[in-house]
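Student: My questions all concern the structure below.
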Amino acid sequence: MSDDVTPLAGVAQLMAGPFADLFVHFDPDTVQEFLVDATRICEDETDRRLAPFTRIVESHRAAGIDPDEFGDAGGIPIDPQGVVGASYAAALGTTQLVRHVYLDQYAPRYPEMWSYSDISVLILRSFGGSQLIPADRLTGPEPDSGHLWFPLGTYLPSGSLIRITYSGGYTTVPASLSRACRLMAAHLAVTELRPGTTTHDADTLRGQAVDILVSYVRPH
């Protein structure tokens with residue numbers, strides 16, 4: 001099974017730039033493979049997904065109920081699903097429920113170029129039972145943080161498992177990321193295919209790519 005990814009830079013961009021001499025003897029499919037490898041290396045360097053991705057699955061443990069969060073829905077008009085959830089919560093003796101989760105993948109820079117789609121959220125409660133939350137009942141995710149907000153009345157006790165399936169990524173690739181991808185592809189070509197036959201320095205190329213990627217690195 002091949003790695004199906006849309007590279008952060010295109011073949012035409014690479015062949016029209018300063019590194020065209022490295023790839024002039026290769027057919028477009030081979031150049032595309034270099035760009036795919038370079039894209040994945042850029043993602044490995046930053047520990048995050050950057051190219052568009054499709055239906056990845058994340059699991060999170062529901063934890064950290066915000067003490068300032070509004071939890072009591074008594075006397076407030078809410079939709080029928082919220083009424084059912086709130087009633088169920090009250091019947092079990094609690095209205096202190098988790099309402100936030102943060103996706104691992106979000107835009108570290110230029111969130112206006114990022115988008116989400118195909119969002120599906122399944123709650124698996126620690127004591128048994130599950131609930132599929134329709135996407136139209138969720139607020140978010142927010143491109144700049146991955147913040148997903150559950151509506152008031154969602155029965156989500158602390159300790160439950162939240163399984164999220166979603167698509168997303170940069171629909172418009174920032175110019176800096178595109179350049180980092182091309183630098184990384186050039187680095188691969190110099191180190192693997194044409195050592196000693198080019199004026200390009202492999203270490204310098206990789207260093208330039210990594211310098212660009214620093215601002216996209218996931219904080220730890």
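We name chains A, B, ... following the order of the structure tokens; residues begin at 1 in each chain, and ligands are numbered from 1 as shown.
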Write out as a ChimeraX atom specification each polymer residue whose atoms come within 8 Å of Arg49 of chain A, counting only C-alpha atoms; drop sequence neighbours fewer than 4 positions from it.
Tutor: /A:43,53,105,169
Student: Pro52 of chain A: which residues within 12 Å, counting only C-alpha atoms, same-chain residues fewer than 2 positions away excluded, as a PyMOL selection string?
Tutor: chain A and resi 4-8+39-40+43+48-50+54-56+105-107+113-117+166-173
Student: Write out as a PyMOL selection string each polymer residue whose atoms come within 7 Å of segment 60-62 of chain A, counting only C-alpha atoms; drop sequence neighbours fewer than 3 positions from it.
Tutor: chain A and resi 98+158-163
Student: Need the shell around segment 176-184 of chain A: protein/DNA/RNA residues with any atom at most 7 Å away, counting only C-alpha atoms. Skip same-chain ones fewer than 3 positions apart. Format as a PyMOL selection string?
Tutor: chain A and resi 8-9+14+35+38-39+42+173+187-188+205-206+209+212-213
Student: I'd like to know which residues of segment 91-194 of chain A are alpha helix (DSSP H) (by DSSP, run on the backbone); could you write them as a PyMOL selection string?
Tutor: chain A and resi 91+175-192
Student: So what do you get for atom CA of Gly140 of chain A versus atom CA of Asp104 of chain A, distance-wise?
Tutor: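 Atom-to-atom, atom CA of Gly140 of chain A to atom CA of Asp104 of chain A, that is 13.6 Å.
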Student: For Val101 of chain A, which of A:Phe150, A:Phe19, A:Tyr155, A:Phe127 is the closest residue, counting only C-alpha atoms?
Tutor: A:Phe150
Student: Have a look at A:His147, A:Pro157, A:Ala63, A:Ala16 and name the one nearest to Gly128 of chain A; count only C-alpha atoms.
Tutor: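 Checking each of A:His147, A:Pro157, A:Ala63, A:Ala16 against Gly128 of chain A, counting only C-alpha atoms, the winner is A:Pro157.
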Student: Could you name the residues that touch Ala189 of chain A at 12 Å or less, counting only C-alpha atoms, but leaving out those on the same chain fewer than 2 positions away, as a ChimeraX atom specification?
Tutor: /A:14,19-26,30-31,33-35,37-38,182-187,191-198,200-203,205-206
Student: Closest to Val57 of chain A among A:Ile119, A:Leu156, A:Glu112, A:Arg137, using only C-alpha atoms?
Tutor: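 Among A:Ile119, A:Leu156, A:Glu112, A:Arg137, it is A:Ile119 that comes nearest to Val57 of chain A.
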Student: Could you check which of A:Ile164, A:Ile41, A:Pro111, A:Asp27 is closest to Ala135 of chain A, using only C-alpha atoms?
Tutor: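 Among the listed residues, A:Ile164 lies closest to Ala135 of chain A.
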